[in-house]
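One file, data28.cif, carrying mmCIF, C-alpha atoms and all ligand atoms:
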data_my_file
loop_
_atom_site.label_atom_id
_atom_site.label_comp_id
_atom_site.auth_asym_id
_atom_site.auth_seq_id
_atom_site.Cartn_x
_atom_site.Cartn_y
_atom_site.Cartn_z
CA ARG A 1 -13.03 19.13 5.64
CA ARG A 2 -13.19 22.91 5.98
CA GLU A 3 -12.16 22.47 9.61
CA ASN A 4 -9.06 20.50 8.50
CA LYS A 5 -8.18 23.18 6.00
CA ARG A 6 -8.49 25.88 8.61
CA ARG A 7 -6.28 23.85 10.93
CA ALA A 8 -3.67 23.40 8.20
CA GLU A 9 -3.69 27.12 7.49
CA LYS A 10 -3.24 27.85 11.18
CA VAL A 11 -0.23 25.53 11.38
CA GLU A 12 1.33 27.21 8.36
CA ALA A 13 0.72 30.64 9.82
CA ALA A 14 2.42 29.52 13.01
CA GLU A 15 5.44 28.24 11.10
CA PRO A 16 6.08 30.84 8.38
CA ARG A 17 9.65 29.60 7.94
CA ASN A 18 8.30 26.29 6.67
CA LYS A 19 6.02 27.73 4.06
CA LEU A 20 7.18 27.61 0.49
CA PRO A 21 6.19 30.23 -2.07
CA SER A 22 2.75 29.69 -3.59
CA PRO A 23 1.38 28.69 -6.11
CA ALA A 24 4.44 26.69 -7.20
CA SER A 25 4.03 24.63 -4.02
CA LEU A 26 0.52 23.43 -4.84
CA LEU A 27 -0.52 20.40 -6.88
CA PRO A 28 -4.22 20.03 -7.78
CA THR A 29 -5.83 16.59 -7.63
CA ASP A 30 -9.06 16.98 -9.66
CA PRO A 31 -9.59 13.88 -11.86
CA ALA A 32 -10.51 16.06 -14.87
CA LEU A 33 -6.94 17.42 -14.96
CA TYR A 34 -5.38 13.97 -15.38
CA SER A 35 -7.55 12.29 -18.01
CA GLY A 36 -4.94 11.98 -20.75
CA PRO A 37 -3.72 8.78 -22.38
CA PHE A 38 -2.37 6.08 -20.05
CA PRO A 39 1.29 6.89 -19.28
CA PHE A 40 4.13 4.42 -19.72
CA TYR A 41 4.32 1.97 -16.82
CA GLY A 42 6.98 -0.72 -17.12
CA ARG A 43 6.22 -4.31 -16.22
CA PRO A 44 7.46 -4.52 -12.59
CA SER A 45 10.42 -6.87 -12.27
CA GLU A 46 11.33 -8.46 -8.94
CA LEU A 47 14.83 -7.64 -7.68
CA GLY A 48 14.57 -9.67 -4.48
CA CYS A 49 12.54 -10.10 -1.33
CA PHE A 50 12.67 -10.16 2.45
CA SER A 51 10.62 -11.52 5.31
CA LEU A 52 9.56 -10.25 8.73
CA ASP A 53 9.12 -12.93 11.39
CA ALA A 54 6.69 -13.32 14.32
CA GLN A 55 8.83 -10.85 16.31
CA ARG A 56 8.94 -8.43 13.34
CA GLN A 57 12.61 -9.23 12.79
CA TYR A 58 14.08 -8.84 9.29
CA HIS A 59 15.34 -11.83 7.25
CA GLY A 60 16.81 -11.42 3.78
CA ASP A 61 14.91 -14.43 2.40
CA ALA A 62 11.44 -15.76 1.50
CA GLN A 63 10.78 -17.65 4.76
CA ALA A 64 7.44 -15.85 5.30
CA LEU A 65 6.12 -16.56 1.80
CA ARG A 66 2.95 -18.66 1.85
CA TYR A 67 1.37 -20.83 -0.83
CA TYR A 68 -2.09 -20.33 -2.33
CA SER A 69 -4.21 -23.34 -1.41
CA PRO A 70 -7.91 -22.72 -2.12
CA PRO A 71 -10.54 -25.22 -0.93
CA PRO A 72 -11.62 -27.92 -3.43
CA THR A 73 -14.29 -26.59 -5.80
CA ASN A 74 -16.23 -29.84 -6.19
CA ASP A 75 -18.21 -29.61 -2.91
CA GLN A 76 -20.61 -26.92 -1.59
CA GLY A 77 -18.05 -24.14 -1.32
CA PRO A 78 -16.20 -22.73 1.66
CA HIS A 79 -17.52 -22.18 5.17
CA PHE A 80 -14.70 -20.17 6.77
CA ASP A 81 -15.43 -18.78 10.23
CA LEU A 82 -13.40 -15.57 10.16
CA ARG A 83 -14.09 -14.82 13.83
CA ASP A 84 -12.60 -18.10 15.01
CA GLY A 85 -9.58 -17.49 17.26
CA TYR A 86 -10.43 -13.87 18.07
CA PRO A 87 -9.05 -12.50 20.29
CA ASP A 88 -7.27 -15.42 22.02
CA ARG A 89 -5.21 -16.59 19.02
CA TYR A 90 -4.37 -13.09 17.73
CA GLN A 91 -0.96 -11.41 17.98
CA PRO A 92 -1.44 -7.99 16.38
CA ARG A 93 1.55 -5.97 15.26
CA ASP A 94 2.37 -2.98 17.48
CA GLU A 95 1.11 -0.07 15.37
CA GLU A 96 2.82 2.48 17.65
CA VAL A 97 6.13 1.45 16.08
CA GLN A 98 6.53 3.64 13.00
CA GLU A 99 8.95 1.67 10.84
CA GLY A 100 9.20 4.15 7.99
CA LEU A 101 11.32 2.76 5.15
CA ASP A 102 13.65 0.88 7.55
CA HIS A 103 13.11 -2.71 6.32
CA LEU A 104 13.35 -1.67 2.68
CA LEU A 105 16.54 0.33 3.43
CA ARG A 106 17.99 -2.74 5.14
CA TRP A 107 17.36 -4.72 1.93
CA LEU A 108 18.80 -1.89 -0.17
CA LEU A 109 21.95 -1.71 1.94
CA ASP A 110 22.55 -5.44 1.33
CA HIS A 111 21.90 -5.21 -2.42
CA ARG A 112 22.84 -1.73 -3.61
CA GLY A 113 26.20 -2.88 -4.97
CA LYS A 114 24.54 -5.56 -7.10
CA LEU A 115 21.75 -3.52 -8.71
CA GLU A 116 21.51 -3.77 -12.48
CA GLY A 117 22.39 -0.41 -14.00
CA GLY A 118 24.97 0.26 -11.26
CA PRO A 119 24.97 3.04 -8.66
CA GLY A 120 23.88 5.51 -11.35
CA TRP A 121 20.52 3.76 -11.64
CA LEU A 122 19.73 4.14 -7.94
CA ALA A 123 20.85 7.80 -7.92
CA GLY A 124 18.09 8.59 -10.41
CA ALA A 125 15.41 6.48 -8.73
CA ILE A 126 12.55 6.97 -6.28
CA VAL A 127 12.53 4.57 -3.31
CA THR A 128 9.29 3.96 -1.45
CA TRP A 129 6.65 1.43 -0.33
CA ARG A 130 4.06 0.17 -2.80
CA GLY A 131 1.37 1.17 -0.27
CA HIS A 132 2.43 4.82 -0.56
CA LEU A 133 2.14 4.67 -4.35
CA THR A 134 -1.30 3.06 -3.97
CA LYS A 135 -2.46 6.09 -1.99
CA LEU A 136 -1.14 8.38 -4.74
CA LEU A 137 -2.98 6.39 -7.42
CA THR A 138 -6.33 6.68 -5.64
CA THR A 139 -5.95 10.33 -4.57
CA PRO A 140 -8.01 11.91 -7.42
CA TYR A 141 -11.00 9.78 -6.29
CA GLU A 142 -10.46 9.73 -2.52
CA GLN A 143 -13.06 11.63 -0.50
CA GLN A 144 -12.39 10.43 3.04
CA GLU A 145 -8.76 10.14 4.07
CA GLY A 146 -5.88 12.54 3.51
CA TRP A 147 -2.19 11.64 3.62
CA GLN A 148 1.24 13.03 4.36
CA LEU A 149 4.39 11.93 2.56
CA ALA A 150 7.85 12.91 3.79
CA ALA A 151 10.51 13.24 1.09
CA SER A 152 14.31 13.41 1.33
CA ARG A 153 16.95 13.41 -1.38
CA PHE A 154 20.15 11.55 -0.58
CA GLN A 155 22.95 10.79 -3.05
CA GLY A 156 20.54 11.66 -5.84
CA THR A 157 17.84 9.17 -4.84
CA LEU A 158 14.44 10.51 -3.76
CA TYR A 159 13.06 8.63 -0.74
CA LEU A 160 9.33 8.87 0.06
CA SER A 161 7.99 7.74 3.43
CA GLU A 162 4.46 8.12 4.74
CA VAL A 163 3.74 10.03 7.94
CA GLU A 164 0.60 9.09 9.90
CA THR A 165 -1.71 12.14 9.86
CA PRO A 166 -3.04 13.38 13.22
CA ALA A 167 -6.54 12.38 12.07
CA ALA A 168 -5.41 8.84 11.14
CA ARG A 169 -3.63 8.50 14.48
CA ALA A 170 -6.70 9.65 16.41
CA GLN A 171 -8.86 7.18 14.45
CA ARG A 172 -6.42 4.33 15.08
CA LEU A 173 -6.30 5.01 18.83
CA ALA A 174 -10.10 5.20 19.00
CA ARG A 175 -10.69 2.19 16.72
CA PRO A 176 -14.03 0.63 17.72
CA PRO A 177 -13.96 -3.05 18.84
CA LEU A 178 -15.97 -4.13 15.80
CA LEU A 179 -13.41 -2.60 13.45
CA ARG A 180 -10.58 -4.33 15.33
CA GLU A 181 -12.32 -7.64 14.84
CA LEU A 182 -12.93 -6.87 11.16
CA MET A 183 -9.18 -6.28 10.73
CA TYR A 184 -8.48 -9.65 12.32
CA MET A 185 -10.96 -11.29 9.95
CA GLY A 186 -9.00 -10.08 6.91
CA TYR A 187 -5.89 -11.85 8.18
CA LYS A 188 -7.86 -14.92 9.25
CA PHE A 189 -9.06 -15.32 5.66
CA GLU A 190 -5.42 -15.49 4.54
CA GLN A 191 -4.85 -18.33 7.01
CA TYR A 192 -7.75 -20.35 5.51
CA MET A 193 -6.42 -19.82 1.98
CA CYS A 194 -2.65 -20.33 2.43
CA ALA A 195 -0.34 -23.23 3.23
CA ASP A 196 3.17 -22.93 4.67
CA LYS A 197 4.65 -25.26 2.05
CA PRO A 198 3.80 -25.89 -1.61
CA GLY A 199 1.49 -28.89 -1.89
CA SER A 200 0.42 -28.85 1.77
CA PHE A 201 -2.84 -27.54 3.22
CA PRO A 202 -3.91 -24.53 5.30
CA ASP A 203 -3.89 -24.94 9.09
CA PRO A 204 -6.40 -22.53 10.64
CA SER A 205 -5.78 -23.91 14.17
CA GLY A 206 -2.71 -21.76 14.82
CA GLU A 207 -2.33 -18.11 15.79
CA VAL A 208 -2.78 -15.13 13.51
CA ASN A 209 0.37 -13.04 13.94
CA THR A 210 0.36 -9.85 11.86
CA ASN A 211 4.05 -9.20 12.49
CA VAL A 212 4.79 -11.85 9.89
CA ALA A 213 5.12 -10.51 6.34
CA PHE A 214 6.68 -11.44 3.02
CA CYS A 215 7.78 -8.45 0.95
CA SER A 216 8.77 -8.38 -2.70
CA VAL A 217 11.23 -5.70 -3.88
CA LEU A 218 10.68 -4.55 -7.45
CA ARG A 219 11.77 -2.03 -10.01
CA SER A 220 9.66 -0.38 -12.64
CA ARG A 221 9.25 2.93 -14.45
CA LEU A 222 6.35 5.37 -14.56
CA GLY A 223 6.82 7.93 -17.35
CA ASN A 224 10.44 8.97 -16.87
CA HIS A 225 10.47 8.08 -13.16
CA ARG A 226 12.53 5.06 -12.18
CA LEU A 227 10.95 3.31 -9.23
CA LEU A 228 12.37 0.92 -6.63
CA PHE A 229 9.64 -0.16 -4.25
CA SER A 230 8.58 -2.95 -1.96
CA GLY A 231 5.17 -4.38 -1.24
CA GLU A 232 3.73 -7.04 1.03
CA VAL A 233 2.56 -10.12 -0.86
CA ASP A 234 -0.12 -12.46 0.53
CA CYS A 235 0.92 -15.66 -1.26
CA THR A 236 2.26 -17.32 -4.38
CA ASP A 237 0.28 -19.77 -6.51
CA PRO A 238 2.39 -22.89 -7.18
CA ARG A 239 -0.03 -23.73 -10.03
CA ALA A 240 0.04 -20.31 -11.70
CA PRO A 241 0.67 -20.34 -15.49
CA SER A 242 3.85 -18.35 -14.87
CA THR A 243 6.08 -19.33 -11.96
CA GLN A 244 8.01 -16.08 -12.30
CA PRO A 245 7.30 -13.43 -9.66
CA PRO A 246 5.32 -11.19 -9.54
CA ALA A 247 3.12 -13.11 -12.07
CA CYS A 248 2.67 -16.01 -9.61
CA TYR A 249 1.56 -13.82 -6.70
CA VAL A 250 -2.04 -13.72 -5.46
CA GLU A 251 -3.68 -10.96 -3.44
CA LEU A 252 -6.39 -12.04 -0.95
CA LYS A 253 -9.24 -9.78 0.12
CA THR A 254 -12.43 -10.02 2.10
CA SER A 255 -15.58 -8.05 1.47
CA LYS A 256 -19.20 -7.98 2.60
CA GLU A 257 -21.57 -10.36 0.82
CA MET A 258 -23.68 -8.37 -1.65
CA HIS A 259 -27.31 -8.96 -2.59
CA ARG A 260 -28.44 -5.91 -4.56
CA PRO A 261 -27.12 -4.37 -7.82
CA GLY A 262 -26.54 -1.10 -5.92
CA HIS A 263 -24.17 -2.88 -3.53
CA TRP A 264 -22.14 -4.23 -6.43
CA ARG A 265 -22.03 -0.79 -8.14
CA SER A 266 -20.64 0.80 -5.00
CA PHE A 267 -18.17 -2.07 -4.56
CA TYR A 268 -16.87 -1.54 -8.14
CA ARG A 269 -16.57 2.24 -7.61
CA HIS A 270 -14.77 2.22 -4.30
CA LYS A 271 -13.27 -1.10 -3.23
CA LEU A 272 -12.25 -2.36 -6.66
CA LEU A 273 -10.33 0.90 -7.26
CA LYS A 274 -8.20 0.24 -4.17
CA TRP A 275 -7.72 -3.43 -5.07
CA TRP A 276 -6.74 -2.52 -8.62
CA ALA A 277 -4.24 0.20 -7.57
CA GLN A 278 -2.53 -2.07 -5.04
CA SER A 279 -2.18 -5.09 -7.31
CA PHE A 280 -1.54 -3.30 -10.60
CA LEU A 281 1.50 -1.44 -9.23
CA LEU A 282 3.19 -4.66 -8.14
CA GLY A 283 2.10 -6.73 -11.16
CA VAL A 284 -0.10 -9.14 -9.18
CA PRO A 285 -2.41 -10.68 -11.82
CA ASN A 286 -5.27 -11.88 -9.60
CA VAL A 287 -7.16 -10.80 -6.50
CA VAL A 288 -9.16 -13.56 -4.79
CA ALA A 289 -12.08 -12.19 -2.80
CA GLY A 290 -13.85 -13.99 0.01
CA PHE A 291 -17.35 -12.65 0.64
CA ARG A 292 -18.41 -12.78 4.28
CA ASN A 293 -21.99 -12.97 5.54
CA PRO A 294 -23.27 -10.99 8.56
CA GLU A 295 -22.20 -13.86 10.86
CA GLY A 296 -18.59 -13.53 9.67
CA PHE A 297 -18.46 -16.66 7.50
CA VAL A 298 -16.96 -16.70 4.01
CA CYS A 299 -19.27 -18.85 1.89
CA SER A 300 -18.20 -17.77 -1.59
CA LEU A 301 -15.01 -16.86 -3.43
CA LYS A 302 -14.48 -14.87 -6.60
CA THR A 303 -11.31 -14.22 -8.57
CA PHE A 304 -10.91 -10.73 -10.04
CA PRO A 305 -8.15 -10.51 -12.66
CA THR A 306 -6.42 -7.17 -12.04
CA MET A 307 -6.43 -6.30 -15.73
CA GLU A 308 -10.22 -6.79 -15.96
CA MET A 309 -11.22 -4.65 -12.97
CA PHE A 310 -11.59 -1.44 -14.96
CA GLU A 311 -14.26 -3.14 -17.13
CA TYR A 312 -16.69 -2.99 -14.19
CA VAL A 313 -16.63 0.84 -14.22
CA ARG A 314 -15.66 1.63 -17.83
CA ASN A 315 -19.22 2.74 -18.66
CA ASP A 316 -19.98 4.23 -15.25
CA ARG A 317 -20.02 8.06 -15.06
CA ASP A 318 -19.12 7.83 -11.39
CA GLY A 319 -16.46 5.22 -11.93
CA TRP A 320 -12.67 5.54 -11.82
CA ASN A 321 -10.15 5.62 -14.64
CA PRO A 322 -6.71 3.96 -14.49
CA SER A 323 -5.20 6.72 -16.69
CA VAL A 324 -6.25 9.39 -14.20
CA CYS A 325 -4.67 7.42 -11.35
CA MET A 326 -1.38 6.86 -13.15
CA ASN A 327 -1.19 10.39 -14.63
CA PHE A 328 -1.75 11.91 -11.21
CA CYS A 329 0.92 9.68 -9.68
CA ALA A 330 3.40 10.67 -12.40
CA ALA A 331 2.52 14.35 -11.88
CA PHE A 332 3.06 14.04 -8.14
CA LEU A 333 6.44 12.34 -8.65
CA SER A 334 7.53 15.15 -11.01
CA PHE A 335 6.27 17.71 -8.50
CA ALA A 336 8.27 16.02 -5.71
CA GLN A 337 11.40 15.68 -7.88
CA ASN A 338 11.24 19.40 -8.72
CA THR A 339 10.52 20.48 -5.15
CA VAL A 340 13.15 18.43 -3.32
CA VAL A 341 16.27 19.89 -4.89
CA GLN A 342 18.73 19.95 -2.01
CA ASP A 343 20.58 16.67 -1.36
CA ASP A 344 20.46 16.27 2.41
CA PRO A 345 19.22 13.25 4.42
CA ARG A 346 18.26 15.50 7.36
CA LEU A 347 16.04 17.76 5.27
CA VAL A 348 12.40 16.77 4.74
CA HIS A 349 9.81 18.19 2.41
CA LEU A 350 6.44 17.18 3.81
CA PHE A 351 3.71 16.79 1.18
CA SER A 352 0.25 17.01 2.72
CA TRP A 353 -3.11 16.34 1.16
CA GLU A 354 -6.70 16.52 2.36
CA PRO A 355 -9.69 15.59 0.15
CA GLY A 356 -11.05 18.62 -1.70
CA SER A 357 -7.74 20.52 -1.57
CA PRO A 358 -4.52 20.53 -3.57
CA VAL A 359 -1.30 18.92 -2.30
CA THR A 360 0.73 21.39 -0.18
CA VAL A 361 4.39 21.35 0.89
CA SER A 362 6.26 22.39 4.03
CA LYS A 363 9.95 22.13 4.86
CA HIS A 364 11.46 20.60 8.01
CA ARG A 365 14.86 19.65 9.41
CA ASP A 366 15.71 16.66 11.66
CA ALA A 367 13.24 15.29 14.22
CA PRO A 368 10.41 14.47 14.09
CA TYR A 369 10.18 14.34 10.28
CA ALA A 370 13.65 13.17 9.14
CA PHE A 371 13.29 9.44 8.39
CA LEU A 372 16.55 8.19 6.86
CA PRO A 373 18.18 6.35 9.78
CA THR A 374 21.79 7.15 10.78
CA TRP A 375 22.83 3.51 10.25
CA TYR A 376 21.76 3.81 6.62
CA VAL A 377 23.20 7.27 5.96
CA GLU A 378 26.56 6.34 7.56
CA ALA A 379 26.87 2.99 5.79
CA VAL A 380 26.16 4.62 2.43
CA THR A 381 28.41 7.64 3.05
CA GLN A 382 31.59 5.50 3.54
P1 LIG A 401 -9.05 -7.36 3.94
O1 LIG A 401 -8.70 -6.15 3.12
O2 LIG A 401 -9.16 -8.60 3.16
O3 LIG A 401 -10.25 -7.14 4.77
P2 LIG A 401 -4.09 -6.77 2.50
O4 LIG A 401 -5.42 -7.10 1.89
O5 LIG A 401 -3.54 -5.49 2.01
O6 LIG A 401 -3.19 -7.94 2.32
O7 LIG A 401 -4.33 -6.58 4.06
C1 LIG A 401 -4.71 -7.69 4.86
C2 LIG A 401 -5.69 -7.27 5.93
O8 LIG A 401 -5.13 -6.27 6.75
C3 LIG A 401 -6.98 -6.64 5.41
O9 LIG A 401 -7.83 -7.64 4.99
C4 LIG A 401 -7.47 -5.92 6.64
O10 LIG A 401 -8.07 -6.79 7.55
C5 LIG A 401 -6.16 -5.41 7.22
N1 LIG A 401 -5.88 -4.07 6.73
C6 LIG A 401 -5.06 -3.72 5.74
N2 LIG A 401 -5.05 -2.40 5.55
C7 LIG A 401 -5.89 -1.88 6.44
C8 LIG A 401 -6.31 -0.57 6.77
N3 LIG A 401 -5.86 0.51 6.12
N4 LIG A 401 -7.21 -0.41 7.77
C9 LIG A 401 -7.68 -1.49 8.41
N5 LIG A 401 -7.30 -2.73 8.16
C10 LIG A 401 -6.43 -2.95 7.20
MG MG A 402 -1.47 -8.50 2.49
MG MG A 403 -4.67 -9.11 1.15
#

Written as structure tokens, that's how I'd like the structure from this file.
Ligand code: A3P
Ligand code: MG
Ligand code: MG
Amino acid sequence: RRENKRRAEKVEAAEPRNKLPSPASLLPTDPALYSGPFPFYGRPSELGCFSLDAQRQYHGDAQALRYYSPPPTNDQGPHFDLRDGYPDRYQPRDEEVQEGLDHLLRWLLDHRGKLEGGPGWLAGAIVTWRGHLTKLLTTPYEQQEGWQLAASRFQGTLYLSEVETPAARAQRLARPPLLRELMYMGYKFEQYMCADKPGSFPDPSGEVNTNVAFCSVLRSRLGNHRLLFSGEVDCTDPRAPSTQPPACYVELKTSKEMHRPGHWRSFYRHKLLKWWAQSFLLGVPNVVAGFRNPEGFVCSLKTFPTMEMFEYVRNDRDGWNPSVCMNFCAAFLSFAQNTVVQDDPRLVHLFSWEPGSPVTVSKHRDAPYAFLPTWYVEAVTQ
């Protein structure tokens, strides 16, 4: 960690033009600073959706949406072999392609004229991926992985797009074979639990292609920050009490089978925080977990209602607190809104964070940090 900090300081020293005056350019992340009452967070409402196909091509419809189809509960329980089909029936997405906000911007370009609240609403909003907000929510408790978020203001709107850190890139390129297989297994679980049509059944004989994705586009509000964001959704439950998205959506997760109370404690402290942050932001009411044994078989399932997850750590001194997560996120959004003043799609403020340090900012123009594509900027500038 100290090494990272030293490296960051060296980079800043080498680029004095990029450094902004301190301490105004620092945001602390200590949980103790954010333990106020839970801030206002509006119920997310779905504005639309899009799909990415097996070739990662955009479609402005729900063709990639799958249907929750759990195994019957009357027999002995599931016996899903998550390693089946690896690696011969696996088409992994090319992670070298950094898509930024492109797919979401494509959706926005097609719908910006029809947004409720008119163009004025979008001008005061923050546009980003749900996954980026998830990272902000968990920041006060994160002790392993840092992040970088690029920010540009354009026609009033603040756009936030994640940049892969050098450390994350190095880790991805050196990903051990076992971790690659574990990633596959997460997607394989989805295939065992989802059908292509409502009322039909899962078909685990086909390929697992991680280019395919269904994304919901939603609006909400955190404190006084209007949000327009998109998130990938695993499936919809045709039998959910509410058929209205996002209340019908289901998040699927895999995790290691646990046998000791200590395992469960650690699961509640670390994994459940990430599951909660991801699903709470989008308004997904339930996360269905498949627990895999050492041989890679899922033999038990458990549903975790998103709104009950905090109960597992409420009385735990080393647990997490939803208020801290949301207050920090709101503070970061205010910090970003106040820092990115100039309206210019080619200007980027890069927010960087490493565990144990505050969030820092540096300023950049054009490549490699500018992320609003010319096709978007030109179409909107007309
Ligand atoms: P599990 O998390 O169930 O193991 P998501 O749960 O967000 O829908 O993601 C589906 C799967 O993608 C994950 O399944 C995991 O296999 C893989 N995945 C998602 N985010 C990842 C990350 N940051 N690193 C490694 N794998 C990831
Ligand atoms: Mg998913
Ligand atoms: Mg999932």

Separation of CA of Ala289 in chain A from atom O3 of ligand LIG 401 (chain A) in Å
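Interatomic distance, atom O3 of ligand LIG 401 (chain A) to CA of Ala289 in chain A: 9.3 Å.
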
Proximity of chain A to ligand MG 403 (chain A): per-residue shortest pair, 10 Å limit, all atoms listed in the file, as JSON lines:
{"residue": "A:Gly186", "atom": "CA", "partner": "A:MG403", "partner_atom": "MG", "distance": 7.3}
{"residue": "A:Tyr187", "atom": "CA", "partner": "A:MG403", "partner_atom": "MG", "distance": 7.6}
{"residue": "A:Phe189", "atom": "CA", "partner": "A:MG403", "partner_atom": "MG", "distance": 8.8}
{"residue": "A:Glu190", "atom": "CA", "partner": "A:MG403", "partner_atom": "MG", "distance": 7.3}
{"residue": "A:Glu232", "atom": "CA", "partner": "A:MG403", "partner_atom": "MG", "distance": 8.7}
{"residue": "A:Val233", "atom": "CA", "partner": "A:MG403", "partner_atom": "MG", "distance": 7.6}
{"residue": "A:Asp234", "atom": "CA", "partner": "A:MG403", "partner_atom": "MG", "distance": 5.7}
{"residue": "A:Cys235", "atom": "CA", "partner": "A:MG403", "partner_atom": "MG", "distance": 8.9}
{"residue": "A:Val250", "atom": "CA", "partner": "A:MG403", "partner_atom": "MG", "distance": 8.5}
{"residue": "A:Glu251", "atom": "CA", "partner": "A:MG403", "partner_atom": "MG", "distance": 5.0}
{"residue": "A:Leu252", "atom": "CA", "partner": "A:MG403", "partner_atom": "MG", "distance": 4.0}
{"residue": "A:Lys253", "atom": "CA", "partner": "A:MG403", "partner_atom": "MG", "distance": 4.7}
{"residue": "A:Thr254", "atom": "CA", "partner": "A:MG403", "partner_atom": "MG", "distance": 7.9}
{"residue": "A:Trp275", "atom": "CA", "partner": "A:MG403", "partner_atom": "MG", "distance": 9.0}
{"residue": "A:Gln278", "atom": "CA", "partner": "A:MG403", "partner_atom": "MG", "distance": 9.6}
{"residue": "A:Ser279", "atom": "CA", "partner": "A:MG403", "partner_atom": "MG", "distance": 9.7}
{"residue": "A:Val287", "atom": "CA", "partner": "A:MG403", "partner_atom": "MG", "distance": 8.2}
{"residue": "A:Val288", "atom": "CA", "partner": "A:MG403", "partner_atom": "MG", "distance": 8.7}
{"residue": "A:Ala289", "atom": "CA", "partner": "A:MG403", "partner_atom": "MG", "distance": 8.9}

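Of the residues under consideration (A:Asp88, A:Asp318, A:Glu95, A:Asp203), A:Glu95 shows the shortest atom-to-atom contact distance to ligand LIG 401 (chain A) when counting only C-alpha atoms and all ligand atoms.
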
inquiry  = Nearest residue to ligand MG 402 (chain A) out of A:Leu115, A:Ala170, A:Leu82, A:Val212, using all atoms listed in the file?
reply    =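 Using all atoms listed in the file, ligand MG 402 (chain A) sits closest to A:Val212.
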
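The coordinates place CA of Ala151 in chain A at 19.4 Å from CA of Ser220 in chain A.
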
* Tell me which protein, DNA and RNA residues are within 12 Å of Gln171 in chain A, counting only C-alpha atoms, leaving out same-chain ones fewer than 6 positions away, and put them as a ChimeraX atom specification. => /A:145,164-165,179-180

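Here CA of Tyr369 in chain A stands at a distance of 24.7 Å from atom N1 of ligand LIG 401 (chain A).
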
For Arg93 in chain A, find every residue with an atom within 8 Å (counting only C-alpha atoms), except residues of its own chain fewer than 2 positions away, and show them as a ChimeraX atom specification.
/A:91,95,209-211

For ligand MG 402 (chain A), the closest of A:Arg172, A:Lys188, A:Arg317, A:Arg153 counting all atoms listed in the file is A:Lys188

So which residues touch Leu372 in chain A within 8 Å, counting all atoms listed in the file, skipping near sequence neighbours fewer than 2 positions away, as a compact mmCIF listing (two decimals) with C-alpha atoms, in the coordinates of the input?
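part-v1.txt written:
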# COMPACT_ATOMS: atom_id res chain seq x y z
CA LEU A 101 11.32 2.76 5.15
CA ASP A 102 13.65 0.88 7.55
CA SER A 152 14.31 13.41 1.33
CA PRO A 345 19.22 13.25 4.42
CA ARG A 346 18.26 15.50 7.36
CA ALA A 370 13.65 13.17 9.14
CA THR A 374 21.79 7.15 10.78
CA TYR A 376 21.76 3.81 6.62
CA VAL A 377 23.20 7.27 5.96

How big is the axis-aligned box, and where does its centre sit, when it encloses all atoms of range 343-349 of chain A listed in the file and has 5 Å added on every side, reported in Å to one decimal as lines of an AutoDock Vina configuration file?
center_x = 15.2
center_y = 15.7
center_z = 3.0
size_x = 20.8
size_y = 14.9
size_z = 18.7

TODO: Enumerate, as a ChimeraX atom specification, the protein, DNA and RNA residues whose atoms approach (22.4, -2.2, 0.8) to within 12 Å, taking into account all atoms listed in the file and the coordinate frame of the file.
DONE: /A:60,102-115,119,122,375-381

Produce a file of the selected residues containing C-alpha atoms, as a short mmCIF file (atom, residue, chain, number, x, y, z; two decimals), in the coordinates of the input.
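Heads up, here's the output in again_16.cif:
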data_model
loop_
_atom_site.label_atom_id
_atom_site.label_comp_id
_atom_site.auth_asym_id
_atom_site.auth_seq_id
_atom_site.Cartn_x
_atom_site.Cartn_y
_atom_site.Cartn_z
CA GLY A 60 16.81 -11.42 3.78
CA ASP A 102 13.65 0.88 7.55
CA HIS A 103 13.11 -2.71 6.32
CA LEU A 104 13.35 -1.67 2.68
CA LEU A 105 16.54 0.33 3.43
CA ARG A 106 17.99 -2.74 5.14
CA TRP A 107 17.36 -4.72 1.93
CA LEU A 108 18.80 -1.89 -0.17
CA LEU A 109 21.95 -1.71 1.94
CA ASP A 110 22.55 -5.44 1.33
CA HIS A 111 21.90 -5.21 -2.42
CA ARG A 112 22.84 -1.73 -3.61
CA GLY A 113 26.20 -2.88 -4.97
CA LYS A 114 24.54 -5.56 -7.10
CA LEU A 115 21.75 -3.52 -8.71
CA PRO A 119 24.97 3.04 -8.66
CA LEU A 122 19.73 4.14 -7.94
CA TRP A 375 22.83 3.51 10.25
CA TYR A 376 21.76 3.81 6.62
CA VAL A 377 23.20 7.27 5.96
CA GLU A 378 26.56 6.34 7.56
CA ALA A 379 26.87 2.99 5.79
CA VAL A 380 26.16 4.62 2.43
CA THR A 381 28.41 7.64 3.05
#

Exercise. If we count all atoms listed in the file, what is near Gln63 in chain A at a cut-off of 10 Å, once residues fewer than 4 positions away on the same chain are taken out, given as a list of chain:residue names?
Worked result: A:Cys49, A:Phe50, A:Ser51, A:Leu52, A:Asp53, A:His59, A:Asp196, A:Val212, A:Ala213, A:Phe214

Next on the checklist: Restricting the calculation to only C-alpha atoms and all ligand atoms: of A:Gly48, A:Pro322, A:Cys215, A:His364, which residue gets closest to ligand MG 402 (chain A)?
Outcome noted: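 The closest residue to ligand MG 402 (chain A) is A:Cys215.
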
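Each of A:Gln337, A:Thr29, A:Thr360, A:Gln191 was compared to ligand MG 402 (chain A) using only C-alpha atoms and all ligand atoms, and A:Gln191 turns out to be the nearest.
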